[in-house]
>>> print(open('protein24.txt').read())   # compact mmCIF, C-alpha atoms
# COMPACT_ATOMS: atom_id res chain seq x y z
CA MET A 33 82.08 -28.31 -88.99
CA THR A 34 79.53 -25.67 -89.95
CA ILE A 35 78.13 -23.36 -87.31
CA LEU A 36 74.64 -24.88 -87.67
CA THR A 37 75.82 -28.47 -87.09
CA PHE A 38 78.08 -27.38 -84.27
CA THR A 39 75.31 -25.40 -82.57
CA ALA A 40 72.84 -28.30 -82.83
CA LEU A 41 75.34 -30.82 -81.42
CA VAL A 42 76.46 -28.54 -78.59
CA PHE A 43 72.82 -27.80 -77.71
CA THR A 44 72.03 -31.52 -77.56
CA GLY A 45 75.10 -32.29 -75.46
CA SER A 46 74.40 -29.43 -73.05
CA PHE A 47 70.77 -30.49 -72.76
CA GLY A 48 71.91 -33.97 -71.76
CA ALA A 49 74.37 -32.53 -69.23
CA GLY A 50 71.65 -30.34 -67.67
CA LEU A 51 69.17 -33.22 -67.55
CA LEU A 52 71.57 -35.70 -65.95
CA GLY A 53 72.97 -33.03 -63.65
CA ALA A 54 69.52 -32.21 -62.29
CA LEU A 55 68.44 -35.85 -62.06
CA THR A 56 71.50 -36.80 -60.06
CA GLY A 57 71.88 -33.59 -58.05
CA LEU A 58 75.44 -33.29 -59.28
CA GLY A 59 74.77 -30.20 -61.40
CA GLY A 60 75.27 -30.03 -65.16
CA GLY A 61 77.94 -27.35 -65.14
CA VAL A 62 80.76 -29.58 -64.00
CA VAL A 63 80.60 -31.73 -67.17
CA LEU A 64 80.16 -28.81 -69.60
CA VAL A 65 83.83 -27.86 -69.79
CA PRO A 66 85.09 -31.42 -70.42
CA LEU A 67 82.24 -31.92 -72.89
CA LEU A 68 83.26 -28.84 -74.89
CA THR A 69 87.04 -29.31 -74.67
CA LEU A 70 87.30 -33.09 -75.01
CA GLY A 71 84.19 -33.64 -77.13
CA PHE A 72 84.17 -30.61 -79.42
CA GLY A 73 87.79 -29.44 -79.32
CA VAL A 74 86.86 -26.00 -77.98
CA ASP A 75 89.61 -23.95 -76.32
CA ILE A 76 89.34 -24.27 -72.54
CA HIS A 77 88.95 -20.50 -72.05
CA TYR A 78 85.89 -20.32 -74.30
CA ALA A 79 84.53 -23.46 -72.62
CA MET A 80 84.96 -21.88 -69.17
CA GLY A 81 83.21 -18.70 -70.31
CA ALA A 82 80.23 -20.60 -71.72
CA SER A 83 80.04 -22.74 -68.59
CA LEU A 84 80.22 -19.81 -66.16
CA VAL A 85 77.43 -17.91 -67.91
CA SER A 86 75.32 -21.08 -67.92
CA VAL A 87 75.80 -21.30 -64.16
CA LEU A 88 74.27 -17.81 -63.90
CA GLY A 89 71.21 -18.97 -65.84
CA MET A 90 70.80 -22.23 -63.93
CA SER A 91 71.13 -20.62 -60.52
CA SER A 92 68.53 -17.98 -61.44
CA GLY A 93 66.17 -20.61 -62.83
CA ALA A 94 66.55 -22.81 -59.74
CA THR A 95 66.02 -19.81 -57.44
CA ALA A 96 62.81 -18.94 -59.29
CA ARG A 97 61.63 -22.48 -58.70
CA PHE A 98 62.69 -23.05 -55.10
CA MET A 99 62.10 -19.62 -53.54
CA LYS A 100 58.37 -20.13 -53.09
CA GLU A 101 58.95 -23.23 -50.99
CA GLY A 102 60.76 -21.33 -48.22
CA LEU A 103 63.66 -23.78 -48.04
CA ALA A 104 66.67 -21.57 -48.72
CA ASN A 105 68.30 -19.76 -45.79
CA LEU A 106 69.18 -16.30 -47.11
CA ARG A 107 71.16 -15.33 -44.02
CA ILE A 108 73.47 -18.32 -44.25
CA GLY A 109 73.73 -17.77 -48.00
CA MET A 110 74.64 -14.10 -47.76
CA PHE A 111 77.11 -14.69 -44.92
CA LEU A 112 78.93 -17.36 -46.93
CA GLU A 113 78.93 -15.15 -50.05
CA THR A 114 81.10 -12.53 -48.30
CA GLY A 115 83.96 -15.02 -48.66
CA ALA A 116 82.89 -16.76 -51.86
CA THR A 117 82.56 -13.61 -54.02
CA VAL A 118 86.01 -12.36 -53.03
CA GLY A 119 87.42 -15.83 -53.76
CA ALA A 120 85.68 -15.83 -57.14
CA ILE A 121 87.34 -12.59 -58.26
CA VAL A 122 90.74 -13.84 -57.08
CA GLY A 123 90.17 -17.09 -58.99
CA ALA A 124 89.05 -15.34 -62.17
CA LEU A 125 92.08 -13.04 -62.15
CA ALA A 126 94.38 -16.02 -61.56
CA ALA A 127 92.81 -18.02 -64.40
CA SER A 128 94.36 -15.88 -67.10
CA HIS A 129 97.85 -16.32 -65.61
CA LEU A 130 97.71 -20.11 -65.48
CA PRO A 131 98.48 -22.25 -68.52
CA ALA A 132 95.61 -24.32 -69.95
CA GLN A 133 97.39 -27.53 -68.87
CA VAL A 134 97.25 -26.55 -65.19
CA LEU A 135 93.58 -25.60 -65.50
CA ALA A 136 92.84 -28.97 -67.12
CA VAL A 137 94.55 -30.95 -64.36
CA LEU A 138 92.86 -28.90 -61.64
CA PHE A 139 89.56 -29.38 -63.40
CA GLY A 140 90.09 -33.14 -63.50
CA ALA A 141 90.73 -33.15 -59.75
CA VAL A 142 87.48 -31.25 -59.10
CA LEU A 143 85.59 -33.73 -61.29
CA LEU A 144 86.98 -36.69 -59.34
CA TYR A 145 86.13 -35.00 -56.07
CA SER A 146 82.57 -34.25 -57.26
CA ALA A 147 82.01 -37.87 -58.25
CA TRP A 148 83.32 -39.03 -54.90
CA THR A 149 81.00 -36.77 -52.85
CA SER A 150 78.04 -37.71 -55.01
CA ALA A 151 78.64 -41.44 -54.64
CA ARG A 152 79.01 -41.31 -50.86
CA ARG A 153 76.25 -38.78 -50.10
CA ASN A 154 74.39 -39.94 -47.03
CA GLU A 155 71.30 -38.86 -45.12
CA ASP A 156 71.06 -35.85 -42.82
CA THR A 157 73.14 -36.21 -39.69
CA ASP A 158 71.38 -36.07 -36.37
CA ALA A 159 71.84 -32.48 -35.21
CA THR A 160 70.53 -32.27 -31.67
CA ALA A 161 73.45 -30.49 -30.02
CA PRO A 162 73.01 -26.72 -29.64
CA SER A 163 74.24 -24.52 -32.49
CA ASP A 164 77.62 -22.87 -32.32
CA ALA A 165 77.51 -19.57 -30.45
CA LEU A 166 78.52 -17.71 -33.64
CA ALA A 167 75.68 -19.30 -35.61
CA VAL A 168 73.20 -18.12 -32.96
CA LYS A 169 74.71 -14.64 -32.99
CA LEU A 170 74.38 -14.56 -36.77
CA ARG A 171 70.74 -15.77 -36.51
CA MET A 172 71.40 -18.71 -38.79
CA GLU A 173 68.97 -21.12 -37.20
CA GLY A 174 65.73 -21.59 -39.03
CA GLU A 175 62.85 -23.86 -39.82
CA TYR A 176 62.05 -25.66 -43.01
CA PRO A 177 58.80 -27.18 -44.22
CA THR A 178 58.50 -30.96 -44.31
CA LYS A 179 55.54 -33.33 -44.67
CA SER A 180 55.13 -33.24 -40.89
CA GLY A 181 55.16 -29.43 -40.62
CA LEU A 182 57.92 -26.91 -39.91
CA VAL A 183 61.06 -28.50 -38.52
CA PRO A 184 63.67 -26.31 -36.78
CA TYR A 185 67.34 -26.79 -37.60
CA ARG A 186 70.65 -25.60 -36.26
CA ALA A 187 74.00 -24.60 -37.72
CA TYR A 188 77.54 -25.57 -36.73
CA LYS A 189 81.17 -24.81 -37.64
CA VAL A 190 80.39 -21.46 -39.23
CA VAL A 191 84.04 -20.50 -39.72
CA HIS A 192 84.86 -23.82 -41.41
CA GLY A 193 81.89 -23.31 -43.74
CA TRP A 194 83.00 -19.78 -44.57
CA VAL A 195 86.57 -20.82 -45.38
CA VAL A 196 85.47 -23.75 -47.54
CA MET A 197 83.06 -21.44 -49.40
CA GLY A 198 85.95 -19.06 -50.06
CA ILE A 199 87.81 -21.99 -51.64
CA ALA A 200 84.68 -22.89 -53.63
CA GLY A 201 84.62 -19.29 -54.86
CA VAL A 202 88.26 -19.48 -56.01
CA LEU A 203 87.55 -22.73 -57.91
CA SER A 204 84.42 -21.20 -59.43
CA GLY A 205 86.32 -18.19 -60.74
CA LEU A 206 89.35 -20.26 -61.76
CA LEU A 207 87.43 -22.91 -63.72
CA GLY A 208 84.12 -21.32 -64.68
CA ILE A 209 81.97 -23.74 -62.72
CA GLY A 210 79.47 -23.51 -59.87
CA ALA A 211 81.62 -25.76 -57.63
CA GLY A 212 78.43 -27.26 -56.19
CA ALA A 213 80.25 -30.26 -54.75
CA VAL A 214 82.49 -28.01 -52.65
CA LYS A 215 79.49 -26.01 -51.46
CA VAL A 216 77.91 -29.28 -50.34
CA LEU A 217 81.04 -29.93 -48.29
CA ALA A 218 80.68 -26.54 -46.60
CA MET A 219 76.97 -26.67 -45.83
CA ASP A 220 76.17 -30.38 -45.46
CA HIS A 221 79.35 -31.66 -43.92
CA PHE A 222 80.64 -28.79 -41.79
CA MET A 223 77.57 -26.70 -41.03
CA ARG A 224 75.36 -29.82 -40.91
CA LEU A 225 72.33 -28.15 -42.48
CA PRO A 226 69.46 -30.36 -43.65
CA TYR A 227 70.05 -31.60 -47.20
CA LYS A 228 67.16 -29.64 -48.72
CA VAL A 229 68.17 -26.41 -47.00
CA SER A 230 71.78 -26.69 -48.15
CA THR A 231 70.83 -27.58 -51.73
CA THR A 232 68.39 -24.69 -52.15
CA THR A 233 70.68 -22.22 -50.39
CA SER A 234 73.50 -23.40 -52.66
CA ASN A 235 71.28 -22.83 -55.73
CA PHE A 236 70.55 -19.32 -54.49
CA ILE A 237 74.18 -18.31 -54.04
CA ILE A 238 75.99 -20.19 -56.83
CA GLY A 239 74.91 -17.54 -59.35
CA ILE A 240 76.08 -14.71 -57.10
CA THR A 241 79.53 -16.31 -56.83
CA ALA A 242 79.67 -16.82 -60.60
CA GLY A 243 78.41 -13.25 -61.12
CA ALA A 244 81.43 -11.91 -59.24
CA SER A 245 83.88 -13.48 -61.69
CA ALA A 246 81.68 -12.97 -64.77
CA GLY A 247 82.92 -9.39 -65.21
CA VAL A 248 86.51 -10.62 -65.54
CA TYR A 249 85.42 -13.35 -67.98
CA PHE A 250 83.55 -10.88 -70.20
CA ALA A 251 86.43 -8.41 -70.12
CA ARG A 252 88.97 -11.10 -71.09
CA GLY A 253 86.86 -12.25 -74.04
CA TYR A 254 86.11 -15.72 -72.58
CA VAL A 255 82.39 -15.34 -73.27
CA ASP A 256 81.78 -15.96 -76.96
CA PRO A 257 78.10 -15.37 -77.77
CA GLY A 258 77.97 -17.87 -80.64
CA LEU A 259 79.27 -20.71 -78.44
CA THR A 260 77.57 -19.72 -75.18
CA MET A 261 74.13 -19.47 -76.81
CA PRO A 262 73.52 -23.23 -77.38
CA VAL A 263 75.34 -24.17 -74.16
CA MET A 264 73.28 -21.87 -71.93
CA LEU A 265 69.93 -22.65 -73.59
CA GLY A 266 70.62 -26.39 -73.68
CA VAL A 267 71.75 -26.83 -70.11
CA LEU A 268 68.95 -24.60 -68.78
CA ALA A 269 66.27 -26.54 -70.69
CA GLY A 270 67.79 -29.85 -69.53
CA ALA A 271 67.94 -28.74 -65.90
CA LEU A 272 64.34 -27.45 -65.94
CA ILE A 273 63.01 -30.73 -67.31
CA GLY A 274 65.32 -32.79 -65.10
CA SER A 275 64.19 -31.05 -61.92
CA ARG A 276 60.58 -31.88 -62.78
CA LEU A 277 61.43 -35.55 -63.27
CA LEU A 278 63.56 -35.54 -60.13
CA VAL A 279 61.05 -37.12 -57.76
CA ALA A 280 60.31 -40.00 -60.09
CA ALA A 281 63.86 -40.88 -61.06
CA ASN A 282 66.24 -40.10 -58.20
CA SER A 283 67.65 -43.59 -58.12
CA ARG A 284 70.99 -44.58 -56.74
CA ALA A 285 71.81 -46.44 -59.94
CA LEU A 286 71.50 -43.29 -62.05
CA ARG A 287 73.70 -41.34 -59.67
CA LEU A 288 76.38 -44.01 -59.73
CA LEU A 289 76.25 -44.14 -63.51
CA PHE A 290 76.67 -40.37 -63.81
CA SER A 291 79.45 -40.44 -61.20
CA ALA A 292 81.24 -43.00 -63.34
CA VAL A 293 80.95 -40.70 -66.37
CA VAL A 294 82.33 -37.82 -64.30
CA VAL A 295 85.27 -39.97 -63.14
CA LEU A 296 86.08 -40.89 -66.75
CA LEU A 297 85.98 -37.23 -67.79
CA GLY A 298 88.12 -36.27 -64.79
CA VAL A 299 90.80 -38.84 -65.61
CA GLN A 300 90.77 -37.76 -69.25
CA MET A 301 91.13 -34.08 -68.34
CA ILE A 302 94.12 -34.86 -66.10
CA TYR A 303 95.69 -37.08 -68.76
CA LYS A 304 95.27 -34.45 -71.47
CA GLY A 305 96.56 -31.76 -69.15
CA PHE A 306 99.75 -33.72 -68.47
CA HIS A 307 100.36 -34.94 -71.99
CA TRP A 308 99.32 -32.49 -74.67
CA GLY A 309 97.47 -29.75 -72.94
CA ILE A 310 94.15 -28.50 -74.18
CA GLY A 311 93.96 -25.40 -76.28
CA MET B 931 74.13 -30.60 -22.88
CA SER B 932 70.60 -31.68 -21.97
CA ALA B 933 67.74 -31.55 -24.46
CA PRO B 934 65.63 -28.84 -22.74
CA SER B 935 68.55 -26.46 -22.67
CA SER B 936 69.29 -26.97 -26.36
CA GLU B 937 65.61 -26.39 -27.14
CA ARG B 938 65.75 -23.16 -25.21
CA MET B 939 68.80 -22.00 -27.12
CA LEU B 940 67.12 -22.73 -30.42
CA GLY B 941 64.04 -20.81 -29.28
CA GLU B 942 66.22 -17.84 -28.48
CA GLY B 943 67.84 -18.05 -31.89
CA LEU B 944 64.48 -17.92 -33.64
CA ALA B 945 63.27 -15.08 -31.44
CA ALA B 946 66.43 -13.09 -32.09
CA ARG B 947 65.91 -13.59 -35.80
CA ALA B 948 62.60 -11.75 -35.67
CA VAL B 949 64.16 -8.59 -34.15
CA GLY B 950 61.30 -6.79 -32.47
CA GLN B 951 58.46 -8.34 -34.41
CA SER B 952 56.27 -11.29 -33.57
CA PRO B 953 57.85 -14.43 -35.06
CA VAL B 954 54.79 -15.30 -37.16
CA ASP B 955 54.63 -11.81 -38.60
CA ALA B 956 58.33 -11.74 -39.44
CA ARG B 957 58.18 -15.15 -41.04
CA GLY B 958 55.18 -14.13 -43.16
CA ARG B 959 56.93 -10.98 -44.43
CA GLU B 960 60.10 -12.92 -45.12
CA ARG B 961 58.18 -15.49 -47.16
CA ALA B 962 56.41 -12.75 -49.14
CA MET B 963 59.76 -11.15 -49.98
CA GLU B 964 61.21 -14.53 -50.93
CA ARG B 965 58.35 -14.95 -53.40
CA VAL B 966 59.20 -11.56 -54.91
CA ILE B 967 62.80 -12.76 -55.36
CA GLY B 968 61.53 -15.96 -57.00
CA TRP B 969 59.29 -14.09 -59.42
CA SER B 970 62.00 -11.59 -60.32
CA MET B 971 64.38 -14.42 -61.16
CA LEU B 972 61.74 -16.11 -63.33
CA VAL B 973 61.00 -12.92 -65.28
CA GLY B 974 64.73 -12.15 -65.55
CA VAL B 975 65.65 -15.57 -66.90
CA LEU B 976 62.80 -15.42 -69.43
CA VAL B 977 63.85 -11.98 -70.68
CA ALA B 978 67.56 -12.90 -70.84
CA GLY B 979 66.70 -16.24 -72.47
CA SER B 980 64.57 -14.47 -75.09
CA PHE B 981 67.50 -12.25 -76.08
CA VAL B 982 69.82 -15.25 -76.28
CA LEU B 983 67.34 -17.36 -78.27
CA GLY B 984 66.22 -14.51 -80.54
CA GLY B 985 69.79 -13.35 -81.17
CA GLY B 986 70.84 -16.97 -81.68
CA LEU B 987 68.24 -17.55 -84.38
CA LEU B 988 69.19 -14.30 -86.14
CA TYR B 989 72.86 -15.29 -85.90
CA LEU B 990 72.23 -18.77 -87.31
CA ALA B 991 70.08 -17.35 -90.11
CA ARG B 992 73.08 -15.37 -91.34
CA HIS B 993 76.07 -17.56 -90.41
CA ALA B 994 74.76 -21.16 -90.39
CA THR B 995 77.02 -22.41 -93.19
CA GLU B 996 80.26 -20.81 -92.00
CA THR B 997 82.83 -22.88 -90.12
CA THR B 998 83.51 -22.69 -86.39
CA HIS B 999 86.55 -21.05 -84.86
CA TYR B 1000 86.53 -22.10 -81.21
CA ARG B 1001 89.55 -24.41 -81.32
CA VAL B 1002 92.00 -21.56 -80.87
CA PHE B 1003 91.47 -18.83 -78.33
CA GLY B 1004 91.63 -15.29 -79.62
CA ALA B 1005 89.98 -12.77 -77.34
CA GLN B 1006 87.04 -11.33 -79.18
CA ARG B 1007 86.44 -7.69 -79.92
CA ALA B 1008 86.16 -5.56 -76.79
CA GLU B 1009 82.87 -4.05 -77.94
CA PHE B 1010 81.01 -7.06 -76.51
CA ASP B 1011 82.28 -6.59 -72.95
CA SER B 1012 79.70 -4.09 -71.73
CA PHE B 1013 76.07 -3.22 -72.28
CA ALA B 1014 76.99 0.01 -74.02
CA GLY B 1015 79.41 -1.85 -76.28
CA ALA B 1016 76.97 -4.64 -77.10
CA LEU B 1017 74.11 -2.21 -77.78
CA GLY B 1018 76.40 -0.18 -80.02
CA ALA B 1019 77.34 -3.35 -81.90
CA ILE B 1020 73.63 -4.16 -82.39
CA ALA B 1021 73.17 -0.71 -83.87
CA HIS B 1022 75.90 -1.64 -86.36
CA GLY B 1023 74.02 -4.79 -87.30
CA SER B 1024 75.82 -7.36 -85.13
CA ARG B 1025 73.49 -10.27 -84.42
CA ARG B 1026 75.93 -11.88 -81.98
CA ALA B 1027 75.65 -8.73 -79.86
CA VAL B 1028 71.93 -9.45 -79.34
CA ILE B 1029 72.96 -12.75 -77.70
CA GLN B 1030 75.58 -10.93 -75.65
CA VAL B 1031 72.98 -8.50 -74.26
CA GLY B 1032 71.01 -11.52 -72.97
CA LEU B 1033 74.17 -12.99 -71.39
CA LEU B 1034 75.04 -9.65 -69.75
CA LEU B 1035 71.46 -9.50 -68.40
CA LEU B 1036 72.15 -12.76 -66.57
CA VAL B 1037 74.94 -11.00 -64.66
CA VAL B 1038 72.61 -8.10 -63.83
CA LEU B 1039 70.13 -10.66 -62.51
CA GLN B 1040 72.62 -11.72 -59.82
CA VAL B 1041 72.97 -8.08 -58.72
CA VAL B 1042 69.15 -7.83 -58.57
CA ARG B 1043 69.04 -10.96 -56.39
CA VAL B 1044 71.50 -9.47 -53.91
CA LEU B 1045 69.63 -6.12 -53.92
CA LEU B 1046 66.31 -7.86 -53.16
CA ALA B 1047 67.88 -9.91 -50.37
CA GLY B 1048 69.24 -6.64 -48.96
CA ALA B 1049 65.73 -5.12 -49.13
CA LEU B 1050 64.40 -8.13 -47.23
CA PHE B 1051 66.97 -7.69 -44.46
CA SER B 1052 66.43 -3.94 -44.21
CA ARG B 1053 62.66 -4.37 -43.89
CA GLN B 1054 63.43 -6.63 -40.94
CA ARG B 1055 65.79 -3.98 -39.58
CA ASP B 1056 68.48 -6.63 -39.55
CA TRP B 1057 71.36 -4.20 -39.96
CA LEU B 1058 74.11 -6.78 -39.56
CA TYR B 1059 72.86 -8.55 -42.68
CA VAL B 1060 72.27 -5.27 -44.49
CA VAL B 1061 75.99 -4.60 -44.00
CA LEU B 1062 76.99 -8.09 -45.16
CA THR B 1063 74.73 -7.77 -48.23
CA THR B 1064 76.16 -4.35 -49.06
CA PHE B 1065 79.64 -5.86 -48.94
CA VAL B 1066 78.65 -8.68 -51.34
CA LEU B 1067 77.02 -6.10 -53.62
CA GLY B 1068 80.23 -4.06 -53.61
CA VAL B 1069 82.30 -7.10 -54.58
CA LEU B 1070 79.86 -7.95 -57.40
CA VAL B 1071 79.93 -4.43 -58.79
CA TYR B 1072 83.73 -4.30 -58.46
CA GLY B 1073 83.99 -7.56 -60.41
CA PHE B 1074 81.88 -6.13 -63.19
CA VAL B 1075 83.37 -2.66 -63.57
CA GLY B 1076 86.72 -2.94 -61.76
>>> encode(input="protein24.txt", output="structure tokens")
Amino acid sequence: MTILTFTALVFTGSFGAGLLGALTGLGGGVVLVPLLTLGFGVDIHYAMGASLVSVLGMSSGATARFMKEGLANLRIGMFLETGATVGAIVGALAASHLPAQVLAVLFGAVLLYSAWTSARRNEDTDATAPSDALAVKLRMEGEYPTKSGLVPYRAYKVVHGWVVMGIAGVLSGLLGIGAGAVKVLAMDHFMRLPYKVSTTTSNFIIGITAGASAGVYFARGYVDPGLTMPVMLGVLAGALIGSRLLVAANSRALRLLFSAVVVLLGVQMIYKGFHWGIG
Amino acid sequence: MSAPSSERMLGEGLAARAVGQSPVDARGRERAMERVIGWSMLVGVLVAGSFVLGGGLLYLARHATETTHYRVFGAQRAEFDSFAGALGAIAHGSRRAVIQVGLLLLVVLQVVRVLLAGALFSRQRDWLYVVLTTFVLGVLVYGFVG
């Protein structure tokens, strides 16, 4: 394949991933690596590098968009990042010691998990009990704007959230993804933050986590400019357009469809990892 | 625990957050700083994206008809790993290095985000979070140069 054809196809594929990722709230990054390895035969290390750098772009773009709405909780975000950034460096250093087959299988498992959380995502839990003492001490409570004015919220299970974010950081560094689904587990499930607060806070910090492992990726030669260029531009353009269409199209059917695609990719990654390996 | 008592605890949490300022004032300043973060990210992504797009077009103009080489991993030349290296490569006519400068800028943008969050906390005299932010900044910088 010539570089021009390859670049055009990869741009189109990444654009679709960004669009669907934003429309379904699942994030486009998680399908980039399977798209590049399974679809285009790219070595998994190059695919991880392109994906990780795209996460930096998407997180920055999303932060630019959501910051003015006052939804993200910077204190919670920064507290969780103390664990996640360390995890990310550990993960990135470990990535080069693991064979591609192991990475592929692990990646498949993360894909399956992401699809599962997306399919069963429910509404905000009723959080009327007082916050954990540690959350109060760390001034994590806040208010967020809704149609009916500012609504206060609380925070729970801070330590659980911190540990899970550390794991999310390891996965991010290990696989070159944002690990958004794991961050949802930390902030929605354990800390019981309102959905909008956890999503915007997650957008704010995902890039910081990825930034911690980016240095290792650059130094190891995972980031190839010729490949990363169409991936980063495509997924960013797709996510920007997708987030504008979000209100109109956030249907359950679309999310289930995308989850099904993610499951298929996950199974295929695991299968390839066990049988031939990738790259 | 009864509802009034949980309301009281939440009230205390919000008051503590404002550390010595009136809550409305603190919230207003925080929002203003958050807008600064938002704008910086927008400008940063546009600048980085311009390098990537511009470098990409230059790269395609020269190499469009060559074949791809991504199937097998071979770590690329070390000159692309740092700003100094990438800028040096541009000086030697490398068009891929123009893209790489844009990609490296995206990493710098994460450092800027942490720095601005740190500035927000220090303006609120929230020293606990200034310390936490400094730690995160240290890890980021270590990851990049360490």
>>> closest_residue(input="protein24.txt", among="B:Val975, B:Val982, B:Ala962, B:Val1002", to="Leu1036 in chain B", atoms="only C-alpha atoms")
B:Val975
>>> residues_around(input="protein24.txt", residues="range 1055-1062 of chain B", least_positions_apart="2", cutoff="10 Å", atoms="all atoms listed in the file", output="ChimeraX atom specification")
/A:106-108,110-114,170-171 /B:947-951,1045,1047-1053,1064-1068
>>> atom_distance(input="protein24.txt", atom1="CA of Gly210 in chain A", atom2="CA of Ser83 in chain A")
8.8 Å
>>> interface_residues(input="protein24.txt", of="chain A", to="chain B", cutoff="7 Å", atoms="only C-alpha atoms", output="number ranges by chain")
A: 33-36, 73-75, 77, 85, 88-89, 92-93, 95-97, 99-100, 102, 110-111, 113-114, 117-118, 121, 161-162, 168, 171, 173-174, 239-240, 243-245, 247-248, 250-254, 257-258, 261, 311
>>> atom_distance(input="protein24.txt", atom1="CA of Gly212 in chain A", atom2="CA of Pro177 in chain A")
23.0 Å
>>> residues_around(input="protein24.txt", residues="Ala213 in chain A", least_positions_apart="2", cutoff="7 Å", atoms="all atoms listed in the file", output="VMD selection string")
chain A and resid 146 149 211 215 to 217
>>> residues_near_point(input="protein24.txt", point="(82.0, -19.9, -75.8)", cutoff="6 Å", atoms="all atoms listed in the file", output="list in words")
Tyr78, Ala79, Gly81, Ala82, Val255, Asp256, Leu259 and Thr260 of chain A
